[in-house]
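Novice: My file is protein.pdb. It has PDB, C-alpha atoms:
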ATOM      1  CA  CYS J  17     -12.381  23.994  -1.029
ATOM      2  CA  GLY J  18     -13.173  20.327  -0.947
ATOM      3  CA  LEU J  19     -10.663  17.913   0.563
ATOM      4  CA  PHE J  20     -10.931  14.152   0.433
ATOM      5  CA  GLY J  21      -8.816  11.090   0.834
ATOM      6  CA  ILE J  22      -8.726   7.298   0.793
ATOM      7  CA  LEU J  23      -6.194   5.103   2.576
ATOM      8  CA  VAL J  24      -6.009   1.348   2.071
ATOM      9  CA  LYS J  25      -3.396  -0.632   3.951
ATOM     10  CA  LYS J  26      -3.131  -4.098   2.497
ATOM     11  CA  LYS J  27      -1.974  -5.671  -0.715
ATOM     12  CA  GLN J  28      -4.588  -4.979  -3.366
ATOM     13  CA  SER J  29      -5.523  -6.808  -6.523
ATOM     14  CA  LYS J  30      -5.704  -5.001  -9.841
ATOM     15  CA  ASN J  31      -9.488  -5.190  -9.597
ATOM     16  CA  ASN J  32      -9.481  -3.382  -6.270
ATOM     17  CA  TYR J  33      -7.306  -0.648  -7.680
ATOM     18  CA  SER J  34      -9.813  -0.164 -10.473
ATOM     19  CA  LEU J  35     -12.424   0.367  -7.762
ATOM     20  CA  LEU J  36     -10.217   3.054  -6.245
ATOM     21  CA  ARG J  37     -10.123   4.849  -9.586
ATOM     22  CA  LYS J  38     -13.914   4.900  -9.524
ATOM     23  CA  ASP J  39     -13.925   6.139  -5.922
ATOM     24  CA  ILE J  40     -11.620   9.037  -6.799
ATOM     25  CA  GLU J  41     -14.035  10.053  -9.527
ATOM     26  CA  ILE J  42     -17.028   9.857  -7.162
ATOM     27  CA  LEU J  43     -15.384  11.932  -4.441
ATOM     28  CA  THR J  44     -14.101  14.488  -6.944
ATOM     29  CA  LYS J  45     -17.541  15.088  -8.410
ATOM     30  CA  LYS J  46     -19.181  15.338  -4.996
ATOM     31  CA  SER J  47     -16.471  17.672  -3.657
ATOM     32  CA  GLU J  48     -16.548  19.981  -6.676
ATOM     33  CA  GLN J  49     -19.451  21.912  -5.151
ATOM     34  CA  ARG J  50     -16.920  23.233  -2.633
ATOM     35  CA  GLY J  51     -14.339  24.330  -5.188
ATOM     36  CA  SER J  52     -14.071  24.252  -8.962
ATOM     37  CA  ASP J  53     -11.083  26.467  -9.786
ATOM     38  CA  THR J  54      -8.364  23.794  -9.808
ATOM     39  CA  PHE J  55      -7.926  20.098  -9.073
ATOM     40  CA  GLY J  56      -5.133  17.917  -7.762
ATOM     41  CA  VAL J  57      -4.450  14.490  -6.280
ATOM     42  CA  LEU J  58      -1.565  12.725  -4.529
ATOM     43  CA  ILE J  59      -1.161   8.956  -4.793
ATOM     44  CA  LYS J  60       1.359   7.605  -2.315
ATOM     45  CA  ASP J  61       2.633   4.085  -1.790
ATOM     46  CA  GLN J  62       5.732   2.568  -0.200
ATOM     47  CA  SER J  63       7.944   3.370  -3.172
ATOM     48  CA  LYS J  64       6.926   6.832  -4.399
ATOM     49  CA  ASN J  65       4.782   9.946  -4.171
ATOM     50  CA  SER J  66       2.966  10.820  -7.400
ATOM     51  CA  ILE J  67       1.101  14.091  -7.958
ATOM     52  CA  PHE J  68      -1.308  15.214 -10.637
ATOM     53  CA  LYS J  69      -2.584  18.796 -10.459
ATOM     54  CA  ILE J  70      -3.986  21.152 -13.034
ATOM     55  CA  ASN J  71      -5.484  24.619 -13.350
ATOM     56  CA  GLU J  72      -8.804  23.270 -14.601
ATOM     57  CA  ASP J  73     -12.190  22.527 -13.115
ATOM     58  CA  PRO J  74     -12.353  19.041 -11.549
ATOM     59  CA  SER J  75     -15.024  17.625 -13.880
ATOM     60  CA  SER J  76     -12.957  18.537 -16.927
ATOM     61  CA  ALA J  77      -9.807  17.170 -15.320
ATOM     62  CA  LEU J  78     -11.464  13.775 -14.804
ATOM     63  CA  LYS J  79     -12.010  13.503 -18.546
ATOM     64  CA  ARG J  80      -8.413  14.255 -19.487
ATOM     65  CA  LYS J  81      -6.424  11.475 -21.109
ATOM     66  CA  ASP J  82      -3.301  12.320 -19.109
ATOM     67  CA  PHE J  83      -5.227  12.062 -15.840
ATOM     68  CA  LYS J  84      -6.700   8.695 -16.774
ATOM     69  CA  LEU J  85      -3.213   7.469 -17.669
ATOM     70  CA  PHE J  86      -1.908   8.818 -14.361
ATOM     71  CA  LEU J  87      -4.488   6.798 -12.415
ATOM     72  CA  LYS J  88      -3.849   3.705 -14.510
ATOM     73  CA  ASP J  89      -0.108   3.900 -13.961
ATOM     74  CA  GLU J  90      -0.178   4.749 -10.264
ATOM     75  CA  LEU J  91      -2.989   2.422  -9.150
ATOM     76  CA  ASN J  92      -2.245  -0.572 -11.342
ATOM     77  CA  ASN J  93       0.247  -2.335  -9.066
ATOM     78  CA  ASN J  94       0.484  -4.547  -6.006
ATOM     79  CA  SER J  95       1.550  -2.051  -3.375
ATOM     80  CA  ASP J  96       1.224  -2.946   0.288
ATOM     81  CA  TYR J  97      -0.729   0.242   0.829
ATOM     82  CA  VAL J  98      -1.983   3.269  -1.034
ATOM     83  CA  SER J  99      -2.850   6.724   0.277
ATOM     84  CA  ILE J 100      -4.828   9.192  -1.822
ATOM     85  CA  LEU J 101      -5.146  12.882  -0.898
ATOM     86  CA  ALA J 102      -6.994  15.318  -3.143
ATOM     87  CA  GLN J 103      -8.457  18.791  -3.355
ATOM     88  CA  THR J 104     -11.026  20.630  -5.435
ATOM     89  CA  ARG J 105      -9.859  24.202  -4.940
ATOM     90  CA  LEU J 106     -11.744  27.439  -4.495
ATOM     91  CA  VAL J 107      -9.041  30.104  -4.826
ATOM     92  CA  THR J 108      -8.908  32.608  -1.952
ATOM     93  CA  ASN J 109      -5.180  33.227  -1.521
ATOM     94  CA  GLY J 110      -2.382  32.570  -4.004
ATOM     95  CA  SER J 111      -2.984  32.723  -7.736
ATOM     96  CA  LYS J 112      -4.286  29.596  -9.432
ATOM     97  CA  PHE J 113      -1.977  30.427 -12.332
ATOM     98  CA  SER J 114       1.002  29.614 -10.110
ATOM     99  CA  GLU J 115       1.820  25.896 -10.188
ATOM    100  CA  LYS J 116       3.382  26.066  -6.733
ATOM    101  CA  ASN J 117       0.141  27.365  -5.178
ATOM    102  CA  ASN J 118      -2.135  24.718  -6.610
ATOM    103  CA  GLN J 119      -2.687  21.662  -4.480
ATOM    104  CA  PRO J 120      -1.502  19.153  -3.375
ATOM    105  CA  LEU J 121       1.298  21.422  -2.191
ATOM    106  CA  LEU J 122       4.827  20.101  -2.544
ATOM    107  CA  THR J 123       7.585  21.012  -0.100
ATOM    108  CA  GLU J 124      10.948  19.478   0.685
ATOM    109  CA  ASN J 125       9.595  16.940   3.169
ATOM    110  CA  ILE J 126       5.789  17.173   3.071
ATOM    111  CA  ILE J 127       2.954  16.972   0.549
ATOM    112  CA  GLY J 128      -0.381  18.339   1.695
ATOM    113  CA  VAL J 129      -3.769  19.894   1.059
ATOM    114  CA  HIS J 130      -5.436  22.697   2.999
ATOM    115  CA  ASN J 131      -8.869  24.286   3.144
ATOM    116  CA  GLY J 132      -9.380  27.562   4.994
ATOM    117  CA  ILE J 133      -7.143  30.558   5.529
ATOM    118  CA  PHE J 134      -4.319  31.383   7.892
ATOM    119  CA  VAL J 135      -4.623  35.047   8.790
ATOM    120  CA  ASN J 136      -1.110  35.325  10.207
ATOM    121  CA  LEU J 137       0.236  34.928   6.679
ATOM    122  CA  GLU J 138       3.714  36.255   7.264
ATOM    123  CA  LEU J 139       5.312  33.322   8.989
ATOM    124  CA  ASN J 140       8.646  35.117   8.603
ATOM    125  CA  ASN J 141       8.448  38.585  10.153
ATOM    126  CA  GLU J 142      11.140  39.847   7.790
ATOM    127  CA  ASN J 143       8.863  39.357   4.800
ATOM    128  CA  GLU J 144       6.831  42.241   3.431
ATOM    129  CA  LYS J 145       3.113  41.972   4.103
ATOM    130  CA  THR J 146       1.238  40.430   1.217
ATOM    131  CA  LYS J 147      -0.781  43.044  -0.654
ATOM    132  CA  ASN J 148      -1.752  41.321  -3.879
ATOM    133  CA  TYR J 149      -3.076  37.876  -3.052
ATOM    134  CA  GLU J 150      -3.547  37.009  -6.726
ATOM    135  CA  SER J 151      -0.007  37.904  -7.791
ATOM    136  CA  ILE J 152       1.567  34.907  -9.497
ATOM    137  CA  SER J 153       4.749  35.485  -7.502
ATOM    138  CA  VAL J 154       3.045  35.423  -4.081
ATOM    139  CA  LYS J 155       3.045  32.185  -2.115
ATOM    140  CA  SER J 156      -0.317  31.177  -0.722
ATOM    141  CA  ASP J 157      -0.860  30.965   3.019
ATOM    142  CA  SER J 158      -1.288  27.200   2.546
ATOM    143  CA  LEU J 159       2.134  26.812   0.931
ATOM    144  CA  LYS J 160       3.777  28.937   3.629
ATOM    145  CA  PHE J 161       2.229  26.746   6.296
ATOM    146  CA  PHE J 162       3.432  23.487   4.763
ATOM    147  CA  GLU J 163       6.893  24.938   4.165
ATOM    148  CA  LYS J 164       7.100  25.847   7.839
ATOM    149  CA  LEU J 165       5.924  22.378   8.799
ATOM    150  CA  SER J 166       8.395  20.813   6.373
ATOM    151  CA  ASN J 167      11.272  22.668   8.021
ATOM    152  CA  SER J 168      10.269  21.109  11.346
ATOM    153  CA  SER J 169       9.718  17.577  10.103
ATOM    154  CA  ASP J 170      12.420  15.754  12.045
ATOM    155  CA  HIS J 171      10.669  12.433  12.555
ATOM    156  CA  ASN J 172      11.801  11.954  16.156
ATOM    157  CA  ASN J 173      10.193  15.225  17.272
ATOM    158  CA  PHE J 174       7.612  15.672  14.572
ATOM    159  CA  ILE J 175       4.427  15.321  16.626
ATOM    160  CA  LYS J 176       5.577  17.947  19.118
ATOM    161  CA  ASN J 177       6.702  20.295  16.326
ATOM    162  CA  TYR J 178       3.426  19.739  14.474
ATOM    163  CA  LYS J 179       1.342  20.582  17.541
ATOM    164  CA  ASP J 180       3.429  23.667  18.291
ATOM    165  CA  ILE J 181       2.996  24.990  14.749
ATOM    166  CA  LEU J 182      -0.764  24.392  14.807
ATOM    167  CA  ASN J 183      -0.965  26.322  18.060
ATOM    168  CA  GLU J 184       0.795  29.253  16.373
ATOM    169  CA  MET J 185      -1.671  29.429  13.505
ATOM    170  CA  ARG J 186      -4.533  31.928  13.436
ATOM    171  CA  GLY J 187      -7.559  31.323  11.238
ATOM    172  CA  ASN J 188      -9.586  28.360  10.058
ATOM    173  CA  TYR J 189      -7.969  25.244   8.698
ATOM    174  CA  THR J 190      -8.669  21.736   7.578
ATOM    175  CA  ILE J 191      -5.518  19.922   6.512
ATOM    176  CA  ALA J 192      -4.355  16.538   5.296
ATOM    177  CA  PHE J 193      -0.737  15.757   4.543
ATOM    178  CA  ALA J 194       1.894  13.060   4.277
ATOM    179  CA  LEU J 195       5.590  12.971   5.059
ATOM    180  CA  LYS J 196       7.423  12.064   1.872
ATOM    181  CA  GLU J 197       9.654   9.410   3.371
ATOM    182  CA  TYR J 198       7.175   7.815   5.763
ATOM    183  CA  ASP J 199       3.851   5.992   5.604
ATOM    184  CA  GLU J 200       1.834   8.198   7.950
ATOM    185  CA  VAL J 201      -0.946  10.519   6.813
ATOM    186  CA  PHE J 202      -2.134  13.292   9.148
ATOM    187  CA  ILE J 203      -5.519  15.033   9.149
ATOM    188  CA  ALA J 204      -6.769  17.858  11.350
ATOM    189  CA  SER J 205      -9.375  20.605  11.483
ATOM    190  CA  ASN J 206     -10.089  23.433  13.898
ATOM    191  CA  CYS J 207     -13.422  24.290  12.281
ATOM    192  CA  GLY J 208     -15.083  20.872  12.060
ATOM    193  CA  SER J 209     -14.995  20.647   8.270
ATOM    194  CA  LEU J 210     -13.502  17.154   8.252
ATOM    195  CA  PHE J 211     -15.319  13.841   8.568
ATOM    196  CA  TYR J 212     -13.849  10.357   8.394
ATOM    197  CA  TYR J 213     -14.784   6.688   8.258
ATOM    198  CA  TYR J 214     -12.565   3.778   9.299
ATOM    199  CA  ASP J 215     -13.250   0.148   8.455
ATOM    200  CA  LYS J 216     -10.786  -1.728  10.660
ATOM    201  CA  ALA J 217     -11.579  -5.148   9.222
ATOM    202  CA  ASN J 218     -10.681  -4.061   5.716
ATOM    203  CA  ASN J 219      -7.991  -1.500   6.658
ATOM    204  CA  PHE J 220      -9.964   1.141   4.767
ATOM    205  CA  PHE J 221     -10.016   4.813   5.775
ATOM    206  CA  ALA J 222     -11.770   7.651   3.965
ATOM    207  CA  PHE J 223     -12.375  11.312   4.736
ATOM    208  CA  ALA J 224     -14.090  14.333   3.196
ATOM    209  CA  SER J 225     -14.899  17.952   4.003
ATOM    210  CA  GLU J 226     -18.591  17.304   4.556
ATOM    211  CA  LYS J 227     -20.458  14.505   6.284
ATOM    212  CA  LYS J 228     -22.999  14.268   3.466
ATOM    213  CA  ILE J 229     -20.262  13.975   0.828
ATOM    214  CA  LEU J 230     -18.665  11.117   2.754
ATOM    215  CA  ILE J 231     -21.928   9.270   3.421
ATOM    216  CA  ASP J 232     -23.109   9.626  -0.180
ATOM    217  CA  PHE J 233     -19.746   8.311  -1.350
ATOM    218  CA  LEU J 234     -19.786   5.316   0.992
ATOM    219  CA  LYS J 235     -23.287   4.381  -0.151
ATOM    220  CA  ILE J 236     -22.172   3.909  -3.751
ATOM    221  CA  SER J 237     -18.542   2.879  -3.395
ATOM    222  CA  ASP J 238     -17.910  -0.665  -4.620
ATOM    223  CA  PHE J 239     -14.846  -0.933  -2.415
ATOM    224  CA  ILE J 240     -16.767  -1.413   0.838
ATOM    225  CA  LYS J 241     -20.177  -2.676   1.887
ATOM    226  CA  TYR J 242     -22.377   0.101   3.251
ATOM    227  CA  GLU J 243     -23.856  -1.098   6.505
ATOM    228  CA  ASN J 244     -23.631   0.084  10.104
ATOM    229  CA  ILE J 245     -21.570   3.043   8.963
ATOM    230  CA  GLU J 246     -20.274   5.292  11.729
ATOM    231  CA  ILE J 247     -18.967   8.707  10.636
ATOM    232  CA  ASN J 248     -16.577  10.601  12.900
ATOM    233  CA  GLN J 249     -15.672  14.273  12.958
ATOM    234  CA  SER J 250     -12.087  15.425  13.300
ATOM    235  CA  LEU J 251     -11.707  18.520  15.458
ATOM    236  CA  VAL J 252      -8.662  19.850  17.303
TER     237      VAL J 252
END
Starting from the file, give its structure as structure tokens.
Specialist:
Amino acid sequence: CGLFGILVKKKQSKNNYSLLRKDIEILTKKSEQRGSDTFGVLIKDQSKNSIFKINEDPSSALKRKDFKLFLKDELNNNSDYVSILAQTRLVTNGSKFSEKNNQPLLTENIIGVHNGIFVNLELNNENEKTKNYESISVKSDSLKFFEKLSNSSDHNNFIKNYKDILNEMRGNYTIAFALKEYDEVFIASNCGSLFYYYDKANNFFAFASEKKILIDFLKISDFIKYENIEINQSLV
């Protein structure tokens, strides 16, 4: 799967938001090589969390009228900040015909995206072992993970709970998620498939699953000026 995100933390003009719409399109097209089964995006600001996801290849989704209207409605304002998390999905676990399995994944307290696979799928030992990964009724390993994290999302102890849950997980993961009621966005990877760029002067943060995807995006983004770019790798 391809994960990507953009975070901008300052009041933006309508023109800047139009640049973000273009950036979403660029990152979607470049990430599609990593997954083309489904597509979804979260746009978060201080007042709401808005999700668009569809069982359709990303390139086709970009052309949809309802998606263009979604971007226009959600990015055409003067929010103090905006966080964008998205995924181009390659289905490995959890049917793409199940809305709940397609990403971004929505739980009671958390919205997130995940690439990889957790091999200790049965987070509740009382559950029967999953036998048919493509059954429409079976929750994906990704959804089970975020549900577990959501149940431990008390803000006062969240970092400790988050670390403890990550330590329990077995398998490869790259994740990005947001708490519904708070501004923070968290990213992590135990396999190195997560690269990020931070422009402190402009309060601009972007990440992607591959270094090349991120660099190619930054070279053509109109939102920032490409010079002296330093790419970092997230690895836990």
Novice: What's around J:Tyr198 at 9 Å? Count all atoms listed in the file, leave out sequence neighbours fewer than 3 positions away in its own chain, and write the answer as a PyMOL selection string.
Specialist: chain J and resi 62+171+194-195+201
Novice: With only C-alpha atoms as the counted atoms, please give the residues lying no more than 8 Å from stretch 210-219 of chain J, apart from itself and same-chain residues fewer than 6 positions off, as a list in words.
Specialist: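 So the residues in contact are Leu23, Val24, Lys25, Lys26, Thr190, Ala204, Ser225, Glu226, Lys227, Leu230, Ile245, Glu246, Ile247, Asn248, Gln249, Ser250 and Leu251 of chain J.
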Novice: Residue by residue, what does the PyMOL selection byres ((chain J and resi 184-189) around 7) grab here? Present the result as a list of chain:residue names.
Specialist: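 Expected selection for the PyMOL selection byres ((chain J and resi 184-189) around 7) here is J:His130, J:Asn131, J:Gly132, J:Ile133, J:Phe134, J:Val135, J:Asn136, J:Asp180, J:Ile181, J:Leu182, J:Asn183, J:Thr190, J:Ile191, J:Ser205, J:Asn206, J:Cys207.
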Novice: Let me make sure I understand: among J:Asp199, J:Asp232, J:Asp96, J:Asp170, which one has the smallest atom-to-atom distance to J:Lys45 if we use all atoms listed in the file?
Specialist: J:Asp232
Novice: What is the atom CA of J:Ile229-atom CA of J:Phe20 distance in Å, reported with one decimal?
Specialist: 9.3 Å
Novice: Translate the PyMOL selection byres ((chain J and resi 159) around 9) into a concrete residue list for this structure, as a count of residues only.
Specialist: 19
Novice: Rebuild all heavy atoms on stretch 120-131 of chain J, as a short mmCIF file (atom, residue, chain, number, x, y, z; two decimals), in the coordinates of the input?
Specialist:
data_model
loop_
_atom_site.label_atom_id
_atom_site.label_comp_id
_atom_site.auth_asym_id
_atom_site.auth_seq_id
_atom_site.Cartn_x
_atom_site.Cartn_y
_atom_site.Cartn_z
N PRO J 120 -2.30 19.25 -4.58
CA PRO J 120 -1.50 19.15 -3.38
C PRO J 120 -0.22 19.99 -3.44
O PRO J 120 0.40 20.10 -4.50
CB PRO J 120 -1.16 17.66 -3.30
CG PRO J 120 -2.20 16.97 -4.10
CD PRO J 120 -2.53 17.93 -5.21
N LEU J 121 0.14 20.56 -2.29
CA LEU J 121 1.30 21.42 -2.19
C LEU J 121 2.53 20.58 -1.90
O LEU J 121 2.52 19.70 -1.04
CB LEU J 121 1.09 22.46 -1.09
CG LEU J 121 -0.06 23.42 -1.37
CD1 LEU J 121 -0.54 24.09 -0.10
CD2 LEU J 121 0.35 24.47 -2.41
N LEU J 122 3.60 20.89 -2.63
CA LEU J 122 4.83 20.10 -2.54
C LEU J 122 5.93 20.92 -1.87
O LEU J 122 6.27 22.01 -2.31
CB LEU J 122 5.26 19.69 -3.96
CG LEU J 122 6.54 18.88 -4.09
CD1 LEU J 122 6.40 17.54 -3.40
CD2 LEU J 122 6.89 18.70 -5.57
N THR J 123 6.45 20.39 -0.78
CA THR J 123 7.58 21.01 -0.10
C THR J 123 8.71 19.98 -0.02
O THR J 123 8.58 18.86 -0.51
CB THR J 123 7.21 21.50 1.31
OG1 THR J 123 6.90 20.36 2.13
CG2 THR J 123 5.99 22.42 1.26
N GLU J 124 9.78 20.37 0.64
CA GLU J 124 10.95 19.48 0.68
C GLU J 124 10.63 18.14 1.34
O GLU J 124 11.08 17.09 0.89
CB GLU J 124 12.09 20.15 1.43
CG GLU J 124 13.37 19.33 1.47
CD GLU J 124 14.52 20.03 2.16
OE1 GLU J 124 14.33 21.20 2.59
OE2 GLU J 124 15.60 19.43 2.29
N ASN J 125 9.84 18.16 2.40
CA ASN J 125 9.60 16.94 3.17
C ASN J 125 8.13 16.54 3.28
O ASN J 125 7.84 15.44 3.77
CB ASN J 125 10.15 17.11 4.60
CG ASN J 125 11.63 17.40 4.60
OD1 ASN J 125 12.43 16.63 4.07
ND2 ASN J 125 12.01 18.53 5.20
N ILE J 126 7.22 17.39 2.84
CA ILE J 126 5.79 17.17 3.07
C ILE J 126 5.00 17.47 1.81
O ILE J 126 5.34 18.37 1.05
CB ILE J 126 5.30 18.06 4.24
CG1 ILE J 126 5.77 17.48 5.58
CG2 ILE J 126 3.78 18.21 4.25
CD1 ILE J 126 5.47 18.35 6.78
N ILE J 127 3.93 16.70 1.60
CA ILE J 127 2.95 16.97 0.55
C ILE J 127 1.60 17.08 1.23
O ILE J 127 1.21 16.19 2.00
CB ILE J 127 2.92 15.86 -0.51
CG1 ILE J 127 4.31 15.63 -1.09
CG2 ILE J 127 1.92 16.21 -1.62
CD1 ILE J 127 4.40 14.41 -1.98
N GLY J 128 0.87 18.18 0.96
CA GLY J 128 -0.38 18.34 1.70
C GLY J 128 -1.44 19.14 0.98
O GLY J 128 -1.18 19.78 -0.05
N VAL J 129 -2.64 19.10 1.55
CA VAL J 129 -3.77 19.89 1.06
C VAL J 129 -4.36 20.65 2.24
O VAL J 129 -4.31 20.19 3.39
CB VAL J 129 -4.85 19.01 0.38
CG1 VAL J 129 -4.33 18.45 -0.93
CG2 VAL J 129 -5.30 17.87 1.30
N HIS J 130 -4.92 21.82 1.94
CA HIS J 130 -5.44 22.70 3.00
C HIS J 130 -6.68 23.41 2.51
O HIS J 130 -6.74 23.90 1.39
CB HIS J 130 -4.36 23.74 3.38
CG HIS J 130 -4.89 24.90 4.18
ND1 HIS J 130 -4.70 26.21 3.77
CD2 HIS J 130 -5.60 24.96 5.33
CE1 HIS J 130 -5.26 27.02 4.66
NE2 HIS J 130 -5.82 26.29 5.61
N ASN J 131 -7.68 23.47 3.38
CA ASN J 131 -8.87 24.29 3.14
C ASN J 131 -8.99 25.27 4.30
O ASN J 131 -8.83 24.90 5.46
CB ASN J 131 -10.12 23.41 3.09
CG ASN J 131 -11.39 24.24 3.02
OD1 ASN J 131 -11.46 25.22 2.30
ND2 ASN J 131 -12.40 23.85 3.78
#
